[in-house]
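Trainee: To be precise about what I am sending: the file is called query17.txt and holds compact mmCIF, C-alpha atoms.
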```
# COMPACT_ATOMS: atom_id res chain seq x y z
CA MET E 1 0.00 0.00 0.00
CA LYS E 2 2.72 2.39 0.98
CA LYS E 3 4.84 1.90 -2.12
CA ASN E 4 2.16 1.86 -4.76
CA PRO E 5 3.37 4.39 -7.38
CA VAL E 6 0.00 4.51 -9.23
CA LYS E 7 -1.89 5.60 -6.11
CA LYS E 8 0.77 8.16 -5.33
CA THR E 9 0.58 9.56 -8.86
CA ILE E 10 -3.24 9.79 -8.70
CA PHE E 11 -3.08 11.41 -5.30
CA PHE E 12 -0.53 14.06 -6.22
CA SER E 13 -2.30 14.72 -9.54
CA LEU E 14 -5.48 15.43 -7.58
CA ILE E 15 -3.63 17.79 -5.28
CA ILE E 16 -2.16 19.63 -8.27
CA ILE E 17 -5.60 19.93 -9.96
CA ILE E 18 -7.33 21.21 -6.83
CA GLY E 19 -4.37 23.45 -6.04
CA TYR E 20 -4.57 24.96 -9.52
CA PHE E 21 -8.28 25.74 -9.21
CA SER E 22 -7.82 27.18 -5.73
CA PHE E 23 -4.87 29.29 -6.73
CA SER E 24 -6.47 30.53 -9.93
CA ALA E 25 -9.66 31.40 -8.07
CA PHE E 26 -7.86 33.21 -5.28
CA THR E 27 -5.65 35.21 -7.56
CA SER E 28 -8.94 35.95 -9.38
CA HIS E 29 -7.27 37.43 -12.43
CA SER E 30 -6.43 34.14 -14.03
CA SER E 31 -8.62 32.01 -16.21
CA ALA E 32 -10.73 29.80 -13.95
CA ALA E 33 -12.55 32.40 -11.88
CA GLU E 34 -12.75 35.23 -14.41
CA SER E 35 -13.74 33.38 -17.54
CA GLY E 36 -16.84 31.98 -15.94
CA ILE E 37 -16.04 28.47 -17.19
CA MET E 38 -16.28 27.09 -13.68
CA ALA E 39 -19.47 29.05 -13.04
CA SER E 40 -21.22 27.78 -16.15
CA LEU E 41 -20.06 24.26 -15.31
CA PHE E 42 -21.17 24.24 -11.69
CA ASN E 43 -24.10 26.70 -11.49
CA PRO E 44 -26.73 24.15 -12.58
CA PHE E 45 -25.49 21.82 -9.82
CA ARG E 46 -25.48 24.66 -7.29
CA GLU E 47 -29.06 25.62 -8.13
CA TYR E 48 -30.19 22.02 -8.07
CA ILE E 49 -28.51 21.31 -4.71
CA LEU E 50 -29.93 24.48 -3.15
CA LYS E 51 -33.44 23.69 -4.38
CA ALA E 52 -33.20 20.12 -3.11
CA THR E 53 -31.74 21.08 0.25
CA ASP E 54 -34.21 23.96 0.66
CA GLY E 55 -37.03 21.45 0.26
CA ILE E 56 -35.55 19.25 2.97
CA ALA E 57 -34.82 22.30 5.14
CA ASN E 58 -38.43 23.50 4.85
CA PHE E 59 -39.62 20.07 5.89
CA PHE E 60 -37.43 20.10 9.01
CA SER E 61 -38.06 23.75 9.83
CA GLY E 62 -41.75 22.94 10.27
CA PHE E 63 -40.85 20.61 13.13
CA PHE E 64 -38.25 22.78 14.76
CA ALA E 65 -39.96 26.13 14.50
CA TYR E 66 -43.66 25.33 14.93
CA GLN E 67 -44.08 27.33 18.14
CA ALA E 68 -41.96 30.20 16.84
CA ILE E 69 -43.97 30.36 13.60
CA LYS E 70 -47.24 30.35 15.55
CA ASP E 71 -46.03 33.18 17.82
CA GLU E 72 -44.71 35.11 14.85
CA ASN E 73 -48.01 34.68 13.03
CA ASP E 74 -49.96 36.03 16.00
CA GLN E 75 -47.60 38.97 16.19
CA LEU E 76 -47.83 39.62 12.44
CA VAL E 77 -51.63 39.55 12.48
CA PHE E 78 -51.57 42.15 15.25
CA GLN E 79 -48.96 44.26 13.41
CA ASN E 80 -50.94 44.00 10.18
CA ARG E 81 -54.06 45.40 11.84
CA SER E 82 -52.06 48.22 13.42
CA LEU E 83 -50.36 49.04 10.13
CA LYS E 84 -53.65 49.17 8.29
CA SER E 85 -54.89 51.74 10.73
CA LEU E 86 -51.68 53.73 10.27
CA LEU E 87 -51.82 53.54 6.50
CA ASN E 88 -54.30 56.38 6.18
CA SER E 89 -52.12 58.79 8.08
CA PHE E 90 -49.10 57.76 5.98
CA VAL E 91 -50.98 58.52 2.77
CA GLU E 92 -51.69 61.97 4.18
CA LEU E 93 -48.03 62.41 5.08
CA LYS E 94 -46.95 61.27 1.62
CA ASN E 95 -49.14 63.85 -0.06
CA GLU E 96 -47.86 66.51 2.30
CA ASN E 97 -44.27 65.48 1.64
CA GLU E 98 -44.75 65.70 -2.13
CA ALA E 99 -46.28 69.11 -1.79
CA LEU E 100 -43.38 70.31 0.35
CA ARG E 101 -40.84 68.93 -2.10
CA GLU E 102 -42.53 70.79 -4.88
CA ALA E 103 -42.58 73.92 -2.82
CA LEU E 104 -38.97 73.76 -1.80
CA LYS E 105 -37.88 72.61 -5.25
CA LEU E 106 -35.89 69.80 -3.76
CA SER E 107 -33.94 67.72 -6.20
CA GLU E 108 -35.39 64.34 -6.86
CA LYS E 109 -34.03 61.53 -4.86
CA GLN E 110 -31.15 59.77 -6.56
CA LYS E 111 -32.64 57.21 -8.90
CA LEU E 112 -31.22 53.76 -8.54
CA SER E 113 -31.38 50.83 -10.91
CA PHE E 114 -31.40 47.24 -9.76
CA ILE E 115 -30.45 43.81 -11.05
CA LEU E 116 -32.60 40.95 -9.85
CA ALA E 117 -30.69 37.76 -9.01
CA ASP E 118 -31.49 34.33 -7.58
CA VAL E 119 -29.58 32.95 -4.61
CA ILE E 120 -27.95 29.71 -5.78
CA SER E 121 -26.00 28.64 -2.70
CA ARG E 122 -25.20 29.59 0.88
CA SER E 123 -22.04 29.01 2.92
CA PRO E 124 -22.58 25.73 4.81
CA LEU E 125 -20.11 26.13 7.71
CA ASN E 126 -19.49 28.62 10.50
CA PHE E 127 -16.75 30.72 8.97
CA SER E 128 -18.55 33.14 6.71
CA GLN E 129 -22.05 34.50 6.30
CA SER E 130 -22.12 34.72 2.53
CA PHE E 131 -24.12 33.42 -0.40
CA MET E 132 -23.86 33.16 -4.16
CA ILE E 133 -26.13 34.60 -6.84
CA ASN E 134 -26.63 33.67 -10.47
CA LYS E 135 -25.58 37.06 -11.88
CA GLY E 136 -22.01 38.22 -12.36
CA SER E 137 -19.74 40.74 -14.01
CA ALA E 138 -21.31 39.94 -17.40
CA ASP E 139 -24.55 41.42 -16.03
CA GLY E 140 -22.85 44.55 -14.74
CA ILE E 141 -22.14 43.41 -11.21
CA SER E 142 -18.92 44.57 -9.62
CA VAL E 143 -17.25 44.30 -6.22
CA GLY E 144 -18.61 46.64 -3.55
CA GLN E 145 -22.15 47.11 -4.94
CA ALA E 146 -24.91 47.10 -2.36
CA VAL E 147 -27.33 44.18 -2.24
CA VAL E 148 -30.88 44.84 -1.05
CA TRP E 149 -34.28 43.19 -0.75
CA GLY E 150 -37.82 43.99 0.31
CA GLY E 151 -38.09 47.73 -0.22
CA GLN E 152 -34.44 48.77 -0.05
CA VAL E 153 -33.43 46.83 3.02
CA LEU E 154 -29.68 46.30 2.92
CA VAL E 155 -28.74 42.62 2.84
CA GLY E 156 -25.03 42.79 2.02
CA GLU E 157 -22.47 43.77 -0.56
CA VAL E 158 -20.81 42.13 -3.54
CA LYS E 159 -17.61 40.44 -2.34
CA ASP E 160 -16.42 38.81 -5.58
CA ALA E 161 -17.79 38.67 -9.09
CA SER E 162 -16.98 36.39 -12.00
CA GLY E 163 -18.68 36.08 -15.39
CA ASP E 164 -21.97 34.50 -14.37
CA THR E 165 -21.86 34.43 -10.58
CA ALA E 166 -21.11 36.70 -7.67
CA ASN E 167 -20.41 36.07 -4.03
CA ILE E 168 -22.36 38.27 -1.61
CA ARG E 169 -21.08 39.12 1.85
CA SER E 170 -24.12 39.47 4.11
CA ILE E 171 -24.32 42.28 6.66
CA ASN E 172 -23.78 39.67 9.40
CA ASP E 173 -20.39 38.63 8.04
CA ASN E 174 -17.32 39.44 10.14
CA GLU E 175 -15.84 41.46 7.31
CA PHE E 176 -18.86 43.69 6.70
CA ARG E 177 -18.59 47.36 7.72
CA THR E 178 -20.55 50.42 6.68
CA SER E 179 -21.31 53.88 8.03
CA VAL E 180 -24.83 54.46 9.31
CA PHE E 181 -27.21 56.94 10.91
CA VAL E 182 -29.06 55.85 14.04
CA GLY E 183 -32.47 57.06 15.13
CA GLU E 184 -34.22 60.32 14.49
CA LYS E 185 -31.22 62.34 15.65
CA ARG E 186 -29.20 60.67 12.89
CA ILE E 187 -26.27 59.81 15.13
CA GLU E 188 -23.29 58.66 13.07
CA ALA E 189 -21.88 55.19 13.70
CA ILE E 190 -20.17 52.24 12.07
CA PHE E 191 -22.22 49.09 11.55
CA LYS E 192 -20.17 45.91 12.03
CA GLY E 193 -21.15 42.35 11.16
CA GLN E 194 -20.01 39.96 13.87
CA GLY E 195 -20.31 36.56 12.23
CA LEU E 196 -22.22 34.22 14.51
CA GLU E 197 -22.50 36.94 17.16
CA GLN E 198 -25.12 39.67 16.86
CA ALA E 199 -24.21 42.65 14.70
CA GLN E 200 -23.11 45.81 16.51
CA LEU E 201 -22.74 49.55 16.08
CA ASP E 202 -19.34 50.98 16.79
CA LEU E 203 -17.93 54.43 17.61
CA ILE E 204 -21.00 55.81 19.39
CA SER E 205 -19.99 57.95 22.33
CA VAL E 206 -21.58 57.12 25.71
CA LYS E 207 -22.89 60.69 25.72
CA GLU E 208 -25.24 59.95 22.81
CA GLU E 209 -28.78 58.82 23.58
CA ILE E 210 -29.58 55.61 21.75
CA LYS E 211 -32.85 53.82 22.42
CA THR E 212 -34.01 50.28 21.77
CA GLY E 213 -35.99 50.27 18.55
CA ASP E 214 -34.09 53.16 16.91
CA ARG E 215 -33.94 52.67 13.17
CA ILE E 216 -30.58 52.25 11.45
CA ILE E 217 -30.03 53.44 7.88
CA THR E 218 -26.89 53.71 5.77
CA SER E 219 -25.38 57.20 5.76
CA GLY E 220 -23.36 56.96 2.56
CA LEU E 221 -20.48 58.71 4.30
CA ASP E 222 -18.11 55.85 3.58
CA LYS E 223 -18.77 56.38 -0.14
CA LYS E 224 -19.32 52.64 -0.42
CA ILE E 225 -23.03 52.15 0.01
CA SER E 226 -25.56 54.84 -0.91
CA ARG E 227 -27.49 56.74 1.73
CA GLY E 228 -30.89 55.61 2.90
CA PHE E 229 -30.86 51.82 2.90
CA TYR E 230 -32.54 50.36 5.95
CA ILE E 231 -30.47 47.86 7.98
CA GLY E 232 -32.51 47.10 11.06
CA GLU E 233 -33.12 48.47 14.51
CA VAL E 234 -31.35 48.77 17.83
CA LYS E 235 -31.97 45.71 19.95
CA ASP E 236 -29.97 46.47 23.06
CA VAL E 237 -27.76 49.24 24.44
CA LYS E 238 -25.02 48.75 27.04
CA LYS E 239 -23.07 51.58 28.60
CA THR E 240 -20.07 50.56 30.67
CA GLU E 241 -18.55 53.02 33.10
CA GLY E 242 -15.10 54.14 32.04
CA LYS E 243 -15.61 53.25 28.40
CA VAL E 244 -15.65 55.90 25.71
CA PHE E 245 -18.06 54.10 23.38
CA GLN E 246 -21.30 52.33 24.16
CA GLU E 247 -22.12 48.83 23.00
CA VAL E 248 -25.12 48.76 20.69
CA ILE E 249 -26.57 45.45 19.51
CA VAL E 250 -28.48 45.44 16.23
CA GLU E 251 -31.40 43.34 15.07
CA PRO E 252 -31.08 43.14 11.25
CA ALA E 253 -34.33 43.44 9.29
CA PHE E 254 -33.69 40.26 7.29
CA ASP E 255 -32.27 36.86 8.00
CA TRP E 256 -29.94 36.51 5.02
CA SER E 257 -30.04 32.72 5.19
CA GLN E 258 -33.74 32.73 4.25
CA LEU E 259 -33.44 34.84 1.11
CA GLU E 260 -34.06 33.28 -2.29
CA GLN E 261 -33.76 36.41 -4.42
CA VAL E 262 -31.97 39.72 -4.03
CA LEU E 263 -31.55 43.03 -5.85
CA ILE E 264 -28.11 44.41 -6.65
CA VAL E 265 -27.90 48.19 -6.76
CA LYS E 266 -26.20 49.35 -9.94
CA MET B 1 -10.25 -18.41 -11.61
CA MET B 2 -7.64 -15.90 -10.61
CA ILE B 3 -9.08 -13.32 -13.03
CA LEU B 4 -12.58 -13.95 -11.67
CA GLY B 5 -11.27 -13.39 -8.14
CA LEU B 6 -9.54 -10.19 -9.19
CA CYS B 7 -12.69 -8.93 -10.96
CA SER B 8 -14.88 -9.63 -7.95
CA ARG B 9 -12.35 -7.89 -5.72
CA ILE B 10 -12.32 -4.83 -7.97
CA LEU B 11 -16.14 -4.86 -8.09
CA PHE B 12 -16.33 -5.17 -4.30
CA ASN B 13 -13.94 -2.24 -3.81
CA GLY B 14 -15.86 -0.20 -6.39
CA VAL B 15 -19.17 -0.81 -4.61
CA LYS B 16 -17.54 0.04 -1.28
CA ILE B 17 -16.16 3.33 -2.59
CA PHE B 18 -19.52 4.13 -4.22
CA LEU B 19 -21.36 3.55 -0.93
CA GLN B 20 -18.85 5.76 0.89
CA ILE B 21 -19.46 8.54 -1.65
CA ILE B 22 -23.25 8.19 -1.24
CA PHE B 23 -22.82 8.39 2.54
CA VAL B 24 -20.73 11.56 2.28
CA ILE B 25 -23.22 13.16 -0.16
CA PHE B 26 -26.00 12.32 2.31
CA LEU B 27 -24.03 14.02 5.10
CA ALA B 28 -23.33 17.07 2.92
CA ILE B 29 -27.04 17.44 2.07
CA LEU B 30 -27.94 17.16 5.77
CA GLN B 31 -25.27 19.77 6.52
CA ILE B 32 -26.89 22.26 4.16
CA SER B 33 -30.54 21.47 4.95
CA LEU B 34 -30.95 20.15 8.49
CA ILE B 35 -27.97 21.49 10.42
CA PRO B 36 -28.89 25.23 10.21
CA HIS B 37 -32.08 24.36 12.17
CA ILE B 38 -30.34 22.49 14.96
CA SER B 39 -27.28 24.68 15.44
CA ILE B 40 -26.23 25.27 19.05
CA PHE B 41 -25.58 28.94 19.92
CA GLY B 42 -25.53 29.47 16.15
CA VAL B 43 -22.67 26.98 15.76
CA LYS B 44 -23.06 24.34 13.09
CA PRO B 45 -21.20 21.04 13.41
CA ASN B 46 -19.37 19.85 10.31
CA LEU B 47 -21.05 16.54 9.43
CA VAL B 48 -18.73 15.58 6.58
CA LEU B 49 -15.67 16.19 8.72
CA ALA B 50 -17.20 14.21 11.58
CA GLY B 51 -18.32 11.32 9.39
CA LEU B 52 -15.10 10.77 7.48
CA PRO B 53 -13.00 9.40 10.41
CA ALA B 54 -15.46 6.49 10.61
CA LEU B 55 -14.85 5.68 6.93
CA PHE B 56 -11.13 6.21 7.53
CA TYR B 57 -11.31 3.55 10.27
CA LEU B 58 -13.27 1.14 8.07
CA SER B 59 -11.30 1.48 4.85
CA GLY B 60 -8.06 3.42 5.26
CA PHE B 61 -6.87 6.61 3.66
CA TRP B 62 -6.58 5.56 -0.01
CA GLU B 63 -10.07 4.15 -0.24
CA ILE B 64 -11.77 7.15 1.35
CA LEU B 65 -9.91 9.61 -0.87
CA PRO B 66 -12.79 9.83 -3.44
CA ALA B 67 -15.29 10.36 -0.59
CA VAL B 68 -13.10 13.16 0.86
CA LEU B 69 -12.97 14.86 -2.53
CA VAL B 70 -16.72 14.51 -3.17
CA GLY B 71 -17.51 15.86 0.33
CA GLY B 72 -15.19 18.81 -0.26
CA LEU B 73 -16.64 19.41 -3.71
CA PHE B 74 -20.17 19.55 -2.29
CA TYR B 75 -19.06 22.25 0.12
CA ASP B 76 -17.17 24.00 -2.70
CA LEU B 77 -20.37 24.21 -4.73
CA SER B 78 -21.89 26.35 -2.03
CA ASP B 79 -19.07 28.89 -2.22
CA PHE B 80 -17.33 30.98 -4.84
CA TYR B 81 -14.00 29.19 -5.12
CA LEU B 82 -13.49 25.65 -6.25
CA GLY B 83 -11.07 23.99 -3.84
CA LEU B 84 -11.73 26.32 -0.92
CA TYR B 85 -13.16 23.47 1.17
CA SER B 86 -11.91 20.37 -0.66
CA LEU B 87 -8.24 21.29 -0.41
CA PRO B 88 -8.23 21.87 3.39
CA LEU B 89 -10.33 18.70 3.80
CA LEU B 90 -7.88 16.68 1.72
CA ILE B 91 -4.86 18.04 3.59
CA THR B 92 -6.62 17.44 6.92
CA PHE B 93 -7.09 13.76 6.15
CA LEU B 94 -3.59 13.51 4.74
CA LEU B 95 -2.26 14.83 8.07
CA LEU B 96 -4.59 12.56 10.05
CA TRP B 97 -3.32 9.65 7.99
CA PHE B 98 0.30 10.53 8.81
CA LEU B 99 -0.57 10.99 12.48
CA SER B 100 -2.57 7.77 12.62
CA ARG B 101 0.37 5.80 11.25
CA LYS B 102 2.61 6.88 14.10
CA TYR B 103 0.71 8.41 17.00
CA ILE B 104 -3.05 7.75 16.86
CA SER B 105 -4.87 4.46 16.65
CA GLY B 106 -7.34 4.36 13.74
CA SER B 107 -10.17 3.75 16.19
CA HIS B 108 -9.38 6.70 18.44
CA PHE B 109 -12.29 8.85 17.29
CA LEU B 110 -11.92 11.36 20.14
CA ALA B 111 -8.47 12.36 18.87
CA LEU B 112 -9.53 12.20 15.22
CA GLY B 113 -12.57 14.40 15.89
CA ILE B 114 -10.67 17.04 17.86
CA LEU B 115 -7.59 17.11 15.64
CA GLY B 116 -9.63 16.91 12.43
CA THR B 117 -11.71 19.96 13.38
CA ILE B 118 -8.74 22.00 14.56
CA ILE B 119 -6.63 21.19 11.50
CA PHE B 120 -9.46 21.76 9.00
CA ASN B 121 -10.58 25.05 10.56
CA PHE B 122 -7.00 26.23 10.90
CA LEU B 123 -6.27 25.50 7.24
CA PHE B 124 -9.52 27.01 6.02
CA LEU B 125 -9.21 30.18 8.10
CA SER B 126 -5.50 30.53 7.30
CA VAL B 127 -6.30 30.56 3.60
CA GLY B 128 -8.90 33.27 4.23
CA TYR B 129 -6.45 35.24 6.36
CA ILE B 130 -3.70 35.05 3.74
CA PHE B 131 -6.09 36.40 1.15
CA GLY B 132 -7.23 39.42 3.14
CA ALA B 133 -9.94 38.37 5.60
CA ASP B 134 -9.08 39.84 9.01
CA SER B 135 -11.48 37.70 11.02
CA PHE B 136 -9.15 34.74 11.54
CA PHE B 137 -8.85 35.10 15.31
CA ASP B 138 -12.49 36.10 15.77
CA TYR B 139 -13.66 32.57 15.16
CA PHE B 140 -10.62 30.37 15.73
CA LEU B 141 -9.99 31.71 19.24
CA SER B 142 -13.64 32.04 20.23
CA TRP B 143 -15.68 29.83 22.56
CA ARG B 144 -17.89 28.99 19.58
CA HIS B 145 -14.95 27.20 18.02
CA LEU B 146 -14.72 25.06 21.19
CA ILE B 147 -18.40 24.22 20.78
CA GLU B 148 -17.81 23.21 17.17
CA ILE B 149 -14.85 21.03 18.18
CA SER B 150 -17.00 19.36 20.86
CA LEU B 151 -19.94 18.80 18.50
CA ASN B 152 -17.74 17.39 15.75
CA THR B 153 -15.95 15.12 18.21
CA ILE B 154 -19.20 13.78 19.66
CA LEU B 155 -20.50 13.10 16.16
CA ALA B 156 -17.17 11.53 15.13
CA ILE B 157 -17.41 9.19 18.14
CA LEU B 158 -21.03 8.29 17.28
CA PHE B 159 -20.15 7.59 13.65
CA GLY B 160 -17.08 5.69 14.89
CA LEU B 161 -19.18 3.50 17.17
CA ALA B 162 -21.43 2.68 14.23
CA ALA B 163 -18.35 1.88 12.13
CA SER B 164 -16.95 -0.37 14.90
CA PHE B 165 -20.28 -2.19 15.03
CA ILE B 166 -20.22 -2.72 11.26
CA LYS B 167 -16.61 -3.90 11.34
CA ASN B 168 -17.14 -6.29 14.27
CA ARG B 169 -20.21 -7.80 12.61
CA GLY B 170 -18.20 -8.21 9.41
CA LEU B 171 -20.83 -6.34 7.38
```
Would you put the structure from the file into structure tokens?

Mentor:
Amino acid sequence: MKKNPVKKTIFFSLIIIIGYFSFSAFTSHSSAAESGIMASLFNPFREYILKATDGIANFFSGFFAYQAIKDENDQLVFQNRSLKSLLNSFVELKNENEALREALKLSEKQKLSFILADVISRSPLNFSQSFMINKGSADGISVGQAVVWGGQVLVGEVKDASGDTANIRSINDNEFRTSVFVGEKRIEAIFKGQGLEQAQLDLISVKEEIKTGDRIITSGLDKKISRGFYIGEVKDVKKTEGKVFQEVIVEPAFDWSQLEQVLIVK
Amino acid sequence: MMILGLCSRILFNGVKIFLQIIFVIFLAILQISLIPHISIFGVKPNLVLAGLPALFYLSGFWEILPAVLVGGLFYDLSDFYLGLYSLPLLITFLLLWFLSRKYISGSHFLALGILGTIIFNFLFLSVGYIFGADSFFDYFLSWRHLIEISLNTILAILFGLAASFIKNRGL
């Protein structure tokens, strides 16, 4: 077994092949990742696997989350009734807002265009909170573009893009950072993904008043992600004596691992 | 007669390798579908990594090589880079093979589970760190990593017990 040259040759050939693909993908300027050959070869499998596993996952989730779904449903029914009652006043506010804009001759809000993409796979282990979509650089996607869903709620940003696929870093990922405004006072802060831990806001002085439930939107000050995308709301605030900054825990609006489609902001 | 014996041996080994691959694909599908729902403190065990030591014990390194590659490839398909998971997985089992020849008994699933998880995660995160991710220490030195090591080891022992049962029964 030890001195079998055929097995050794097969083994080292496999290492060289895998090493080549890894290296070419990581350097990202060489053929494998950029040409989209690998993407066109593997995307059908990715989509098929995700569809199959999603079916199984849905089956299991029914068992594991029955009580949570029931509670959530009760809560949503209540919220829906409340929102319906609020809708009328929002329509009034909308009309008023439009009239004021006209009066003040405000410039129209920056118009954004979107690319719709399907999620074709999600990272299976603990290391990263990322997913892949079936649109890539051939469709106009480039690194750093914001990824949103459900009425301009920020979901993540484009991490890598090849011909027909792109890898999206979700806002929960350890590497995700963006500048944000918090609450009605629009307090500036940095939003940080924390991987498996809950996302946090950084660089908020203990002197600032942050409340649970304050809305968090992107500020655009980092010139990376445009202003006005909703991220979530403040879940918890901790002020420790002697510390310059307070610890603010964030509840993101979306669970990225449940998304099946996303919009990429062009 | 000799040729017939050789053919049946090749066929037997082929079926064995095929069954191992099916087992690993089954684990990979469970990893993607079931595991996110039963994660502990958000930590997902690595089923493929935990299941492979049992096959390693039953068949040895050379025969589980295709299963290691298929398991890695399934994980690769869920990410952007081909080889990102399969290469660390392959090197992990190569190292475990070297260690098992000198220091660890093939049936010592506690050691295989702990070392397998540490080596695989170290290799995977090192690759990420080399290529610009600055979150290497965030996960590797966190208590969540200890939970993952524990979960993988428990699963490796359970799979190992099943493998021992199969081996003792001569199945």

Trainee: Select, from B:Trp62, B:Ile22, B:Gly14, B:Ser33, the residue with the minimum atom-to-atom distance to Ile49 in chain E, counting all atoms listed in the file.

Mentor: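 Checking each of B:Trp62, B:Ile22, B:Gly14, B:Ser33 against Ile49 in chain E, counting all atoms listed in the file, the winner is B:Ser33.
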
Trainee: Mind running chain B against chain E at 8 Å and telling me each contacting residue's nearest atom pair with the distance in Å (one decimal), counting only C-alpha atoms, chain and number ascending, as a Markdown table?

Mentor:
```
| residue | atom | partner | partner_atom | distance |
| --- | --- | --- | --- | --- |
| B:Ile29 | CA | E:Thr53 | CA | 6.2 |
| B:Leu30 | CA | E:Thr53 | CA | 7.8 |
| B:Gln31 | CA | E:Pro124 | CA | 6.8 |
| B:Ile32 | CA | E:Pro124 | CA | 5.6 |
| B:Ser33 | CA | E:Ala57 | CA | 4.4 |
| B:Leu34 | CA | E:Ala57 | CA | 5.6 |
| B:His37 | CA | E:Ser61 | CA | 6.5 |
| B:Ile38 | CA | E:Phe64 | CA | 7.9 |
| B:Gly42 | CA | E:Leu196 | CA | 6.0 |
| B:Val43 | CA | E:Asn126 | CA | 6.4 |
| B:Lys44 | CA | E:Asn126 | CA | 6.1 |
| B:Pro45 | CA | E:Leu125 | CA | 7.7 |
| B:Asn46 | CA | E:Leu125 | CA | 6.8 |
| B:Trp62 | CA | E:Lys7 | CA | 7.7 |
| B:Tyr75 | CA | E:Pro124 | CA | 6.8 |
| B:Leu77 | CA | E:Arg46 | CA | 5.7 |
| B:Ser78 | CA | E:Ser121 | CA | 4.8 |
| B:Asp79 | CA | E:Ser123 | CA | 5.9 |
| B:Phe80 | CA | E:Asn167 | CA | 6.0 |
| B:Tyr81 | CA | E:Ala25 | CA | 5.7 |
| B:Leu82 | CA | E:Ser22 | CA | 5.9 |
| B:Gly83 | CA | E:Ser22 | CA | 4.9 |
| B:Leu84 | CA | E:Ser22 | CA | 6.3 |
| B:Ser86 | CA | E:Ile18 | CA | 7.7 |
| B:Leu87 | CA | E:Ile18 | CA | 6.5 |
| B:Leu125 | CA | E:Phe127 | CA | 7.6 |
| B:Phe131 | CA | E:Phe26 | CA | 7.4 |
| B:Ala133 | CA | E:Glu175 | CA | 6.9 |
| B:Asp134 | CA | E:Glu175 | CA | 7.2 |
| B:Ser135 | CA | E:Asn174 | CA | 6.2 |
| B:Tyr139 | CA | E:Phe127 | CA | 7.2 |
```

Trainee: Next, write the just-selected residues to a file, as a short mmCIF file (atom, residue, chain, number, x, y, z; two decimals), in the frame of the given file, keeping C-alpha atoms as the atom set.

Mentor:
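Written out: again_11.cif:
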```cif
data_model
loop_
_atom_site.label_atom_id
_atom_site.label_comp_id
_atom_site.auth_asym_id
_atom_site.auth_seq_id
_atom_site.Cartn_x
_atom_site.Cartn_y
_atom_site.Cartn_z
CA ILE B 29 -27.04 17.44 2.07
CA LEU B 30 -27.94 17.16 5.77
CA GLN B 31 -25.27 19.77 6.52
CA ILE B 32 -26.89 22.26 4.16
CA SER B 33 -30.54 21.47 4.95
CA LEU B 34 -30.95 20.15 8.49
CA HIS B 37 -32.08 24.36 12.17
CA ILE B 38 -30.34 22.49 14.96
CA GLY B 42 -25.53 29.47 16.15
CA VAL B 43 -22.67 26.98 15.76
CA LYS B 44 -23.06 24.34 13.09
CA PRO B 45 -21.20 21.04 13.41
CA ASN B 46 -19.37 19.85 10.31
CA TRP B 62 -6.58 5.56 -0.01
CA TYR B 75 -19.06 22.25 0.12
CA LEU B 77 -20.37 24.21 -4.73
CA SER B 78 -21.89 26.35 -2.03
CA ASP B 79 -19.07 28.89 -2.22
CA PHE B 80 -17.33 30.98 -4.84
CA TYR B 81 -14.00 29.19 -5.12
CA LEU B 82 -13.49 25.65 -6.25
CA GLY B 83 -11.07 23.99 -3.84
CA LEU B 84 -11.73 26.32 -0.92
CA SER B 86 -11.91 20.37 -0.66
CA LEU B 87 -8.24 21.29 -0.41
CA LEU B 125 -9.21 30.18 8.10
CA PHE B 131 -6.09 36.40 1.15
CA ALA B 133 -9.94 38.37 5.60
CA ASP B 134 -9.08 39.84 9.01
CA SER B 135 -11.48 37.70 11.02
CA TYR B 139 -13.66 32.57 15.16
#
```

Trainee: Please provide as JSON, numbers by chain all residues within 6 Å of range 105-119 of chain B, with the sequence filter that same-chain residues fewer than 6 positions apart are discarded (counting all atoms listed in the file).

Mentor: {"B": [57, 92, 149, 152, 153, 156, 157]}

Trainee: Restricting it to C-alpha atoms, dump the selection as an mmCIF file, keeping the file's coordinate frame.

Mentor:
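Output saved as again37.cif:
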```cif
data_model
loop_
_atom_site.group_PDB
_atom_site.id
_atom_site.type_symbol
_atom_site.label_atom_id
_atom_site.label_comp_id
_atom_site.auth_asym_id
_atom_site.auth_seq_id
_atom_site.Cartn_x
_atom_site.Cartn_y
_atom_site.Cartn_z
ATOM 1 C CA TYR B 57 -11.310 3.550 10.270
ATOM 2 C CA THR B 92 -6.620 17.440 6.920
ATOM 3 C CA ILE B 149 -14.850 21.030 18.180
ATOM 4 C CA ASN B 152 -17.740 17.390 15.750
ATOM 5 C CA THR B 153 -15.950 15.120 18.210
ATOM 6 C CA ALA B 156 -17.170 11.530 15.130
ATOM 7 C CA ILE B 157 -17.410 9.190 18.140
#
```

Trainee: Can you work out the spacing between CA of Leu263 in chain E and CA of Ile187 in chain E in Å, to one decimal?

Mentor: 27.4 Å

Trainee: Given only C-alpha atoms as the basis, pick out the residue of E:Ile204, E:Ile249, E:Ala146, E:Val155 nearest to Val265 in chain E.

Mentor: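 Closest residue, counting only C-alpha atoms: E:Ala146.
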
Trainee: For CA of Val248 in chain E and CA of Gly128 in chain B, quote the distance in Å rounded to one decimal.

Mentor: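 Interatomic distance here is 27.8 Å.
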
Trainee: Between CA of Ala189 in chain E and CA of Asp214 in chain E, measure the distance and give it in Å to one decimal.

Mentor: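 If I compute the distance from CA of Ala189 in chain E to CA of Asp214 in chain E, I get 12.8 Å.
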
Trainee: Give the answer as one residue: which of B:Phe165, B:Phe61, B:Phe23, B:Trp143 has the shortest atom-to-atom distance to Leu94 in chain B, using only C-alpha atoms?

Mentor: B:Phe61
